[in-house]
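As stored in my_file.cif (mmCIF, C-alpha atoms):
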```cif
data_coords
#
loop_
_atom_site.label_atom_id
_atom_site.label_comp_id
_atom_site.auth_asym_id
_atom_site.auth_seq_id
_atom_site.Cartn_x
_atom_site.Cartn_y
_atom_site.Cartn_z
CA MET E 919 135.10 114.02 218.94
CA ALA E 920 132.37 111.53 219.80
CA GLN E 921 129.69 111.32 217.10
CA PHE E 922 126.13 111.39 218.41
CA VAL E 923 124.38 111.00 215.05
CA ASP E 924 125.61 109.61 211.75
CA TRP E 925 124.32 112.65 209.87
CA ASP E 926 125.07 111.24 206.42
CA LEU E 927 123.02 108.17 207.24
CA ALA E 928 120.24 110.38 208.63
CA ALA E 929 120.11 112.27 205.32
CA ALA E 930 120.13 109.07 203.29
CA THR E 931 117.37 107.57 205.45
CA ALA E 932 115.22 110.68 205.19
CA GLY E 933 115.63 110.68 201.42
CA ALA E 934 114.85 106.99 201.09
CA LEU E 935 111.79 106.96 203.36
CA GLY E 936 110.31 110.32 202.36
CA LYS E 937 107.03 110.22 200.44
CA SER E 938 106.89 111.27 196.82
CA GLY E 939 105.12 114.54 196.16
CA PRO E 940 101.93 115.19 194.18
CA ARG E 941 102.00 114.79 190.44
CA VAL E 942 102.95 118.04 188.71
CA SER E 943 104.51 118.79 185.36
CA TYR E 944 107.82 120.58 185.10
CA ALA E 945 106.02 123.72 183.93
CA GLU E 946 103.58 123.54 186.87
CA ALA E 947 106.44 123.08 189.33
CA THR E 948 108.25 126.09 187.90
CA ASP E 949 105.11 128.19 188.18
CA VAL E 950 104.57 127.13 191.81
CA VAL E 951 108.12 128.04 192.78
CA GLY E 952 107.90 131.42 191.07
CA GLU E 953 104.55 132.24 192.62
CA LEU E 954 105.64 131.26 196.12
CA ARG E 955 108.64 133.58 195.80
CA ARG E 956 106.42 136.45 194.62
CA LEU E 957 103.82 135.82 197.32
CA THR E 958 106.53 135.75 199.99
CA GLU E 959 107.47 139.29 199.02
CA GLU E 960 103.84 140.35 198.97
CA ALA E 961 103.25 138.77 202.37
CA ALA E 962 106.29 140.57 203.80
CA GLY E 963 104.72 143.93 202.98
CA HIS E 964 101.38 142.95 204.49
CA VAL E 965 102.98 141.61 207.66
CA ALA E 966 105.12 144.72 208.14
CA ASP E 967 102.16 147.04 207.63
CA TYR E 968 99.90 145.07 209.96
CA THR E 969 102.37 144.46 212.79
CA GLY E 970 104.57 147.54 212.59
CA LEU E 971 107.58 145.20 212.78
CA ARG E 972 110.31 145.52 210.18
CA SER E 973 113.47 143.51 209.69
CA GLN E 974 116.49 145.02 211.39
CA VAL E 975 118.98 142.57 209.91
CA ALA E 976 119.63 141.29 206.41
CA HIS E 977 118.27 137.85 205.67
CA PRO E 978 118.62 135.48 202.71
CA PRO E 979 115.74 135.16 200.24
CA VAL E 980 113.13 132.48 200.71
CA ARG E 981 114.13 128.96 199.67
CA VAL E 982 111.39 126.99 197.96
CA VAL E 983 112.33 123.36 198.53
CA ASP E 984 111.12 119.83 197.99
CA ARG E 985 110.83 117.28 200.78
CA ARG E 986 114.35 115.91 200.42
CA ASP E 987 115.85 119.41 200.49
CA TRP E 988 113.78 120.32 203.55
CA ALA E 989 115.15 117.30 205.41
CA ALA E 990 118.70 118.11 204.29
CA ALA E 991 118.39 121.72 205.47
CA ASN E 992 117.19 120.58 208.89
CA ILE E 993 119.95 118.02 209.18
CA ALA E 994 122.52 120.72 208.40
CA GLY E 995 121.02 123.00 211.02
CA LEU E 996 120.79 120.34 213.70
CA ARG E 997 124.35 119.28 212.97
CA GLU E 998 125.58 122.83 213.60
CA VAL E 999 123.91 122.93 216.99
CA ILE E 1000 124.12 119.37 218.27
CA SER E 1001 127.72 118.55 217.37
CA PRO E 1002 129.24 121.25 219.62
CA LEU E 1003 126.90 120.26 222.45
CA VAL E 1004 127.90 116.62 222.15
CA SER E 1005 131.56 117.60 222.16
CA ARG E 1006 131.06 119.64 225.31
CA LEU E 1007 129.04 116.95 227.09
CA SER E 1008 131.47 114.19 226.23
CA GLY E 1009 134.58 116.23 226.96
CA ASP E 1010 135.79 115.10 223.52
CA LYS E 1011 136.22 111.61 224.95
CA ARG E 1012 135.46 108.99 222.37
CA PRO E 1013 133.66 105.81 223.36
CA GLY E 1014 134.84 102.50 222.02
CA PRO E 1015 134.79 102.36 218.20
CA LEU E 1016 132.07 99.69 218.08
CA THR E 1017 129.88 101.55 220.58
CA GLU E 1018 130.29 104.81 218.71
CA ALA E 1019 129.66 103.30 215.30
CA VAL E 1020 126.57 101.34 216.33
CA GLY E 1021 125.12 104.14 218.47
CA SER E 1022 125.61 106.90 215.93
CA ARG E 1023 124.25 104.82 213.04
CA LEU E 1024 121.20 103.73 215.02
CA THR E 1025 120.49 107.32 216.00
CA GLY E 1026 121.08 108.38 212.39
CA VAL E 1027 118.43 105.96 211.14
CA GLN E 1028 116.02 107.09 213.84
CA ALA E 1029 116.58 110.78 213.15
CA GLY E 1030 116.21 110.18 209.41
CA THR E 1031 112.94 108.33 210.00
CA VAL E 1032 111.52 111.28 211.93
CA LEU E 1033 112.67 113.82 209.33
CA ALA E 1034 111.25 111.72 206.49
CA TYR E 1035 107.88 111.73 208.21
CA LEU E 1036 107.92 115.44 208.94
CA SER E 1037 109.12 116.28 205.43
CA GLY E 1038 105.76 115.17 204.07
CA ARG E 1039 103.80 117.32 206.54
CA VAL E 1040 105.51 120.66 206.99
CA LEU E 1041 104.27 123.50 204.77
CA GLY E 1042 106.94 126.00 205.74
CA GLN E 1043 109.50 126.76 208.41
CA TYR E 1044 111.81 129.48 209.57
CA GLU E 1045 115.00 127.48 210.09
CA VAL E 1046 117.08 129.19 212.79
CA PHE E 1047 119.84 126.67 213.39
CA ALA E 1048 121.87 126.63 210.17
CA GLY E 1049 122.93 130.28 210.15
CA ASP E 1050 122.33 133.75 211.49
CA PRO E 1051 119.61 135.05 211.34
CA GLY E 1052 118.00 131.94 209.82
CA GLN E 1053 116.21 131.20 206.57
CA LEU E 1054 112.62 130.85 205.44
CA LEU E 1055 111.82 127.52 203.78
CA LEU E 1056 108.61 126.75 201.89
CA VAL E 1057 107.95 123.10 201.02
CA ALA E 1058 106.29 123.35 197.62
CA PRO E 1059 105.06 119.72 197.24
CA ASN E 1060 103.29 119.84 200.60
CA ILE E 1061 101.65 123.19 199.89
CA VAL E 1062 100.33 121.91 196.55
CA GLU E 1063 99.17 118.65 198.11
CA VAL E 1064 97.24 120.35 200.91
CA GLU E 1065 95.64 123.00 198.69
CA ARG E 1066 94.38 120.20 196.44
CA LYS E 1067 93.02 118.18 199.35
CA LEU E 1068 91.22 121.25 200.71
CA GLY E 1069 89.95 122.28 197.28
CA ALA E 1070 91.37 125.74 197.98
CA ASP E 1071 92.14 128.46 195.47
CA PRO E 1072 95.89 127.95 194.89
CA ARG E 1073 96.90 131.61 194.95
CA ASP E 1074 94.85 132.31 198.05
CA PHE E 1075 96.12 129.29 199.95
CA ARG E 1076 99.73 129.97 199.04
CA LEU E 1077 99.50 133.58 200.21
CA TRP E 1078 97.82 132.40 203.41
CA VAL E 1079 100.72 130.04 204.13
CA CYS E 1080 103.23 132.76 203.27
CA LEU E 1081 101.63 135.18 205.74
CA HIS E 1082 102.17 132.69 208.56
CA GLU E 1083 105.74 131.80 207.67
CA VAL E 1084 106.82 135.37 206.88
CA THR E 1085 105.53 136.38 210.31
CA HIS E 1086 107.97 133.88 211.81
CA ARG E 1087 110.79 135.35 209.74
CA THR E 1088 109.79 138.82 210.92
CA GLN E 1089 109.85 137.68 214.55
CA PHE E 1090 113.50 136.70 214.22
CA THR E 1091 114.71 139.50 211.95
CA ALA E 1092 112.80 142.41 213.49
CA VAL E 1093 113.90 141.18 216.93
CA PRO E 1094 117.65 140.61 216.46
CA TRP E 1095 118.14 139.06 219.91
CA MET E 1096 115.49 136.37 219.36
CA ARG E 1097 117.70 133.76 217.72
CA ALA E 1098 120.48 134.07 220.29
CA TYR E 1099 117.90 133.87 223.08
CA PHE E 1100 116.35 130.70 221.62
CA LEU E 1101 119.71 129.00 221.13
CA GLY E 1102 120.74 130.13 224.60
CA GLU E 1103 117.74 128.35 226.08
CA VAL E 1104 118.68 125.17 224.23
CA GLN E 1105 122.14 125.50 225.78
CA ALA E 1106 120.57 126.19 229.18
CA PHE E 1107 118.58 122.97 228.90
CA VAL E 1108 121.81 121.02 228.47
CA ASP E 1109 123.54 122.94 231.25
CA ALA E 1110 120.67 122.13 233.60
CA ALA E 1111 121.41 118.42 233.49
CA GLN E 1112 122.74 117.21 236.81
CA ALA E 1113 126.41 116.37 236.96
CA GLY E 1114 127.07 112.72 236.33
CA GLU E 1115 123.88 112.12 234.39
CA HIS E 1116 124.25 110.28 231.11
CA LEU E 1117 122.54 113.00 229.08
CA LEU E 1118 123.75 111.71 225.73
CA GLU E 1119 122.15 108.35 226.40
CA ARG E 1120 118.91 110.05 227.42
CA LEU E 1121 119.02 112.19 224.28
CA ARG E 1122 119.40 109.04 222.23
CA ARG E 1123 116.32 107.64 223.96
CA GLY E 1124 114.48 110.84 223.11
CA VAL E 1125 115.28 110.43 219.40
CA ALA E 1126 114.27 106.77 219.64
CA THR E 1127 110.98 107.80 221.25
CA LEU E 1128 110.21 110.15 218.36
CA SER E 1129 111.10 107.46 215.85
CA ASP E 1130 108.93 104.87 217.59
CA ALA E 1131 105.97 107.27 217.66
CA VAL E 1132 106.28 107.88 213.92
CA ARG E 1133 105.97 104.14 213.36
CA ASP E 1134 103.33 103.66 216.07
CA PRO E 1135 100.79 106.51 216.32
CA GLU E 1136 99.33 104.88 219.44
CA SER E 1137 102.58 105.25 221.37
CA ARG E 1138 102.12 107.13 224.64
CA ALA E 1139 105.80 107.79 225.25
CA SER E 1140 107.03 111.35 225.74
CA VAL E 1141 110.30 113.12 225.12
CA LEU E 1142 109.71 114.62 228.55
CA ASP E 1143 111.15 111.33 229.80
CA ILE E 1144 114.59 112.93 229.30
CA VAL E 1145 113.64 115.94 231.45
CA GLN E 1146 114.52 115.04 235.00
CA THR E 1147 115.77 118.09 236.85
CA PRO E 1148 113.74 121.08 238.11
CA ALA E 1149 116.11 123.40 236.26
CA GLN E 1150 115.40 121.60 232.99
CA ARG E 1151 111.68 121.87 233.59
CA ALA E 1152 112.07 125.61 234.14
CA VAL E 1153 113.87 125.96 230.81
CA LEU E 1154 111.20 123.88 229.09
CA ASP E 1155 108.52 126.17 230.55
CA ARG E 1156 110.29 129.18 229.03
CA LEU E 1157 110.66 127.48 225.67
CA THR E 1158 107.01 126.42 225.72
CA ALA E 1159 105.94 129.99 226.48
CA LEU E 1160 108.14 131.35 223.69
CA MET E 1161 106.94 128.90 221.05
CA THR E 1162 103.31 129.41 222.07
CA LEU E 1163 103.77 133.16 221.68
CA LEU E 1164 105.46 132.88 218.27
CA GLU E 1165 102.89 130.45 216.89
CA GLY E 1166 99.97 132.41 218.31
CA HIS E 1167 101.34 135.67 216.92
CA ALA E 1168 101.68 134.13 213.45
CA GLU E 1169 98.11 132.83 213.61
CA PHE E 1170 96.84 136.22 214.79
CA VAL E 1171 98.63 138.02 211.95
CA MET E 1172 97.46 135.67 209.22
CA ASP E 1173 93.87 135.97 210.49
CA GLY E 1174 94.18 139.75 210.72
CA VAL E 1175 95.69 140.28 207.27
CA GLY E 1176 93.85 137.47 205.48
CA PRO E 1177 90.39 139.04 205.08
CA GLN E 1178 91.97 142.12 203.50
CA VAL E 1179 93.95 140.33 200.78
CA ILE E 1180 92.64 136.75 200.44
CA PRO E 1181 89.06 136.55 199.10
CA SER E 1182 88.51 132.91 200.15
CA VAL E 1183 90.25 133.10 203.53
CA GLU E 1184 87.17 132.13 205.58
CA SER E 1185 86.73 128.94 203.58
CA ILE E 1186 90.46 128.17 203.78
CA ARG E 1187 90.59 128.69 207.56
CA ALA E 1188 87.49 126.55 208.15
CA SER E 1189 88.76 123.72 205.95
CA PHE E 1190 92.25 123.88 207.44
CA ASN E 1191 90.92 123.82 211.00
CA ARG E 1192 88.81 120.76 210.21
CA ARG E 1193 91.89 119.08 208.78
CA ARG E 1194 93.95 119.97 211.87
CA GLU E 1195 91.29 118.90 214.36
CA ALA E 1196 90.42 115.73 212.47
CA GLY E 1197 93.76 114.23 213.33
CA ASN E 1198 96.78 115.79 211.67
CA PRO E 1199 99.35 113.20 212.75
CA LEU E 1200 102.16 115.77 212.92
CA GLU E 1201 100.31 118.01 215.33
CA LYS E 1202 99.15 115.15 217.52
CA ALA E 1203 102.53 113.42 217.62
CA ILE E 1204 104.58 116.52 218.32
CA ARG E 1205 102.25 117.89 220.98
CA ARG E 1206 101.99 114.54 222.70
CA LEU E 1207 105.70 113.81 222.53
CA LEU E 1208 106.69 117.21 223.86
CA GLY E 1209 104.03 117.14 226.57
CA ILE E 1210 102.40 120.25 225.12
CA GLU E 1211 99.06 118.63 224.26
CA VAL E 1212 98.19 118.49 227.94
CA LYS E 1213 100.03 121.64 229.02
CA MET E 1214 99.25 124.06 226.24
CA ARG E 1215 97.36 124.31 222.97
CA GLN E 1216 99.94 126.42 221.18
CA TYR E 1217 98.01 127.83 218.27
CA ALA E 1218 94.70 128.48 220.04
CA GLU E 1219 96.16 129.62 223.36
CA GLY E 1220 98.83 131.76 221.73
CA ARG E 1221 96.37 133.44 219.37
CA LYS E 1222 93.97 134.09 222.25
CA PHE E 1223 96.78 135.66 224.30
CA VAL E 1224 97.93 137.92 221.45
CA HIS E 1225 94.34 138.95 220.72
CA GLY E 1226 93.77 139.74 224.38
CA VAL E 1227 96.88 141.91 224.65
CA VAL E 1228 96.19 143.79 221.40
CA ASP E 1229 92.62 144.44 222.56
CA ARG E 1230 93.97 146.01 225.74
CA VAL E 1231 97.00 148.01 224.57
CA GLY E 1232 96.93 148.00 220.76
CA MET E 1233 99.51 146.60 218.36
CA ALA E 1234 102.24 149.04 219.38
CA GLY E 1235 101.65 148.12 223.00
CA PHE E 1236 101.77 144.44 222.16
CA ASN E 1237 105.09 144.90 220.36
CA ARG E 1238 106.71 145.77 223.67
CA ILE E 1239 106.70 142.01 224.14
CA PHE E 1240 109.75 141.97 221.85
CA SER E 1241 111.69 144.61 223.81
CA SER E 1242 113.84 142.05 225.63
CA PRO E 1243 113.68 138.52 227.00
CA LEU E 1244 112.32 140.03 230.22
CA THR E 1245 109.17 141.22 228.46
CA LEU E 1246 108.34 137.84 226.91
CA PRO E 1247 105.27 136.26 228.53
CA ARG E 1248 105.72 133.79 231.32
CA LEU E 1249 103.97 130.46 230.94
CA GLU E 1250 101.29 131.36 233.46
CA GLU E 1251 100.61 134.70 231.74
CA LEU E 1252 99.58 133.06 228.46
CA GLY E 1253 96.17 132.38 229.97
CA ASP E 1254 96.00 135.82 231.61
CA PRO E 1255 96.78 138.73 229.25
CA ASP E 1256 95.95 141.21 232.01
CA ALA E 1257 98.82 139.83 234.07
CA TRP E 1258 101.32 140.44 231.25
CA VAL E 1259 99.93 143.93 230.59
CA ALA E 1260 100.15 144.83 234.27
CA ARG E 1261 103.72 143.57 234.53
CA VAL E 1262 105.02 145.23 231.36
CA HIS E 1263 102.79 148.31 231.00
CA GLY E 1264 101.93 148.88 234.63
CA PRO E 1265 98.49 148.75 236.31
CA THR E 1266 97.15 151.58 234.15
CA GLY E 1267 98.18 149.94 230.93
CA ALA E 1268 95.11 147.73 230.46
CA THR E 1269 93.14 150.35 228.55
CA PRO E 1270 92.21 149.73 224.89
CA THR E 1271 94.20 151.93 222.56
CA ALA E 1272 94.50 152.36 218.83
CA GLY E 1273 97.33 150.38 217.34
#
```
This structure in structure tokens:
Amino acid sequence: MAQFVDWDLAAATAGALGKSGPRVSYAEATDVVGELRRLTEEAAGHVADYTGLRSQVAHPPVRVVDRRDWAAANIAGLREVISPLVSRLSGDKRPGPLTEAVGSRLTGVQAGTVLAYLSGRVLGQYEVFAGDPGQLLLVAPNIVEVERKLGADPRDFRLWVCLHEVTHRTQFTAVPWMRAYFLGEVQAFVDAAQAGEHLLERLRRGVATLSDAVRDPESRASVLDIVQTPAQRAVLDRLTALMTLLEGHAEFVMDGVGPQVIPSVESIRASFNRRREAGNPLEKAIRRLLGIEVKMRQYAEGRKFVHGVVDRVGMAGFNRIFSSPLTLPRLEELGDPDAWVARVHGPTGATPTAG
């Protein structure tokens, strides 16, 4: 089978280029890990009570990881998804040995460079690729580093992060079809490539674009350069709508639960927003590269949409959004909650209710 990425080299590159974490003693590190595990369980109860959503499938316990482990987990997940796609696209035809070796190693270095960069920025993630239904990862060094930079109360900030990430876990475990739907859209994106196109080469350029942007924050390139067909754009619209919904829902939940259980939440939110708006390189790079910065402000737009729907039909009415892929919001509905309510609840549904 043709190898698209030298995954071992990607892991080695991510480990070599990743930043070292903040200075903590062994005892402090142990305490952080233990508290994050406890707060994850606490957050799960708060999220379930607030949203009315409860896991329908068993899921593994939270993994509290360092930056190297986060990169390794993402490499393992991407490998599970990308390798079969590459096999299918290439028809299991191997290129020349030199071409394969050089191409896969170059892409491995580029992918490792991106993951090394992200590993120093991500606070937590629900990783859906590596296994069903996915696993919650919390990156302890990054959480400690940010709470120190913000001057936040450690327990409060850690619970605040856990509320956001546990909401993502709930989205995928309380809605058992969500993971298959997401992976199906990734497959649909590949299927939408026109026959005869050199998609693997364009995917390599996409990875190279990400890598270049990490090294050059002024780069104006976009991964949308690999999106060329109308069918691919339609899939990207659906994925954009889905991710905007999931991020907005997590923001809405953490803001709804936070004042009840986190004494310093207002200060944390204000400081975190200033940090995000002041130029978080991760947010700027990812939004620009994916074309979302112009098209959609995921956190703000998603939170506004969720708030608008809950105002109109209550939390139980909002949760109908997870009934099936057909009830997910369309891209154009994210700016018009009334349109989603009318489509899913009917014209009489836009009446505020308890929920």
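For the choices E:Leu1054, E:Ala991, E:Ala1110, E:Ala1126, the atom-to-atom distance to Pro979 of chain E is smallest for E:Leu1054 when using all atoms listed in the file.
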Selection: 7 Å around Ala1034 of chain E, only C-alpha atoms, excl. self and same-chain fewer than 5 positions, as a list in words: Ala932, Gly933, Leu935, Gly936 and Ala989 of chain E
Selected residue of minimal separation from Leu1081 of chain E among E:Glu1169, E:Asp1254, E:Asp967, E:Glu1045, counting all atoms listed in the file: E:Glu1169
One-decimal distance in Å that lies between atom CA of Ser1241 of chain E and atom CA of Ala1092 of chain E: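 So the answer is 10.6 Å.
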Explicit residues for the PyMOL selection byres ((chain E and resi 1184) around 12) (as a VMD selection string): chain E and resid 1070 to 1071 1074 to 1075 1078 1172 to 1183 1185 to 1191
Distance of atom CA of Ala929 of chain E from atom CA of His1082 of chain E, expressed in Å to one decimal place: 27.4 Å
Length of the atom CA of Ala962 of chain E to atom CA of Val1084 of chain E vector [Å]: 6.1 Å
Contacts of segment 1246-1251 of chain E at 12 Å (all atoms listed in the file; same-chain gap of 3+ positions) as a PyMOL selection string: chain E and resi 1093+1096+1099-1100+1151-1164+1210+1213-1214+1216+1219-1220+1222-1224+1226-1227+1236-1243+1254-1262
Residues near Gly963 of chain E, cut-off 12 Å, only C-alpha atoms, skip fewer than 3 positions along chain, as a PyMOL selection string: chain E and resi 956-960+966-973+1077+1080-1081+1084-1085+1088+1175+1179
Using only C-alpha atoms: which of E:Ala934, E:Gln974, E:Glu1063, E:Trp1095 has the shortest distance to Leu1244 of chain E: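 The answer is E:Trp1095, which sits nearest to Leu1244 of chain E.
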Among the residues E:Leu1252, E:Ala961, E:Val975, E:Val1046, the one that comes closest to Val999 of chain E [using all atoms listed in the file]: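 Comparing E:Leu1252, E:Ala961, E:Val975, E:Val1046 against Val999 of chain E, the winner is E:Val1046.
Counting all atoms listed in the file, the residue from E:Thr931, E:Thr1245, E:Asn1060, E:Thr1147 that sits nearest to Ser1037 of chain E is E:Asn1060.
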Contacts of segment 939-943 of chain E at 8 Å (only C-alpha atoms; same-chain gap of 3+ positions) as a count of residues only: 8
Top pick for closest residue to Val1125 of chain E, considering E:Ala994, E:Leu1056, E:Val1032, E:Val965 and counting only C-alpha atoms: E:Val1032
Long-range neighbours of Ile993 of chain E as a ChimeraX atom specification, 10 Å cut-off, all atoms listed in the file, 3 positions minimum in chain: /E:925-926,928-929,932,987-990,996-998,1029-1030,1033,1047-1048
Is there a way to complete segment 1148-1175 of chain E with N, CA and C atoms and then write that out as a compact mmCIF listing (two decimals), in the frame of the given file?
```txt
# COMPACT_ATOMS: atom_id res chain seq x y z
N PRO E 1148 114.59 119.88 238.04
CA PRO E 1148 113.74 121.08 238.11
C PRO E 1148 114.24 122.21 237.22
N ALA E 1149 115.57 122.34 237.10
CA ALA E 1149 116.11 123.40 236.26
C ALA E 1149 115.75 123.16 234.80
N GLN E 1150 115.78 121.90 234.36
CA GLN E 1150 115.40 121.60 232.99
C GLN E 1150 113.92 121.88 232.75
N ARG E 1151 113.11 121.59 233.73
CA ARG E 1151 111.68 121.87 233.59
C ARG E 1151 111.44 123.37 233.49
N ALA E 1152 112.21 124.15 234.22
CA ALA E 1152 112.07 125.61 234.14
C ALA E 1152 112.43 126.12 232.75
N VAL E 1153 113.50 125.57 232.17
CA VAL E 1153 113.87 125.96 230.81
C VAL E 1153 112.78 125.55 229.83
N LEU E 1154 112.24 124.35 229.99
CA LEU E 1154 111.20 123.88 229.09
C LEU E 1154 109.96 124.77 229.19
N ASP E 1155 109.64 125.24 230.39
CA ASP E 1155 108.52 126.17 230.55
C ASP E 1155 108.76 127.44 229.74
N ARG E 1156 109.99 127.96 229.79
CA ARG E 1156 110.29 129.18 229.03
C ARG E 1156 110.21 128.94 227.54
N LEU E 1157 110.73 127.80 227.09
CA LEU E 1157 110.66 127.48 225.67
C LEU E 1157 109.22 127.27 225.22
N THR E 1158 108.42 126.62 226.05
CA THR E 1158 107.01 126.42 225.72
C THR E 1158 106.29 127.76 225.60
N ALA E 1159 106.57 128.66 226.54
CA ALA E 1159 105.94 129.99 226.48
C ALA E 1159 106.37 130.73 225.23
N LEU E 1160 107.65 130.65 224.87
CA LEU E 1160 108.14 131.35 223.69
C LEU E 1160 107.49 130.80 222.43
N MET E 1161 107.49 129.48 222.27
CA MET E 1161 106.94 128.90 221.05
C MET E 1161 105.44 129.13 220.96
N THR E 1162 104.74 129.12 222.08
CA THR E 1162 103.31 129.41 222.07
C THR E 1162 103.07 130.84 221.62
N LEU E 1163 103.87 131.77 222.11
CA LEU E 1163 103.77 133.16 221.68
C LEU E 1163 104.01 133.29 220.18
N LEU E 1164 105.10 132.72 219.68
CA LEU E 1164 105.46 132.88 218.27
C LEU E 1164 104.42 132.26 217.35
N GLU E 1165 103.92 131.08 217.71
CA GLU E 1165 102.89 130.45 216.89
C GLU E 1165 101.58 131.23 216.96
N GLY E 1166 101.22 131.66 218.16
CA GLY E 1166 99.97 132.41 218.31
C GLY E 1166 100.02 133.74 217.58
N HIS E 1167 101.17 134.40 217.63
CA HIS E 1167 101.34 135.67 216.92
C HIS E 1167 101.20 135.46 215.41
N ALA E 1168 101.80 134.40 214.88
CA ALA E 1168 101.68 134.13 213.45
C ALA E 1168 100.23 133.84 213.06
N GLU E 1169 99.52 133.09 213.89
CA GLU E 1169 98.11 132.83 213.61
C GLU E 1169 97.29 134.12 213.66
N PHE E 1170 97.56 134.95 214.65
CA PHE E 1170 96.84 136.22 214.79
C PHE E 1170 97.08 137.11 213.57
N VAL E 1171 98.31 137.17 213.10
CA VAL E 1171 98.63 138.02 211.95
C VAL E 1171 97.96 137.50 210.68
N MET E 1172 98.04 136.20 210.44
CA MET E 1172 97.46 135.67 209.22
C MET E 1172 95.93 135.86 209.23
N ASP E 1173 95.31 135.76 210.40
CA ASP E 1173 93.87 135.97 210.49
C ASP E 1173 93.52 137.45 210.38
N GLY E 1174 94.43 138.32 210.82
CA GLY E 1174 94.18 139.75 210.72
C GLY E 1174 94.36 140.28 209.31
N VAL E 1175 95.40 139.81 208.63
CA VAL E 1175 95.69 140.28 207.27
C VAL E 1175 94.80 139.58 206.25
```
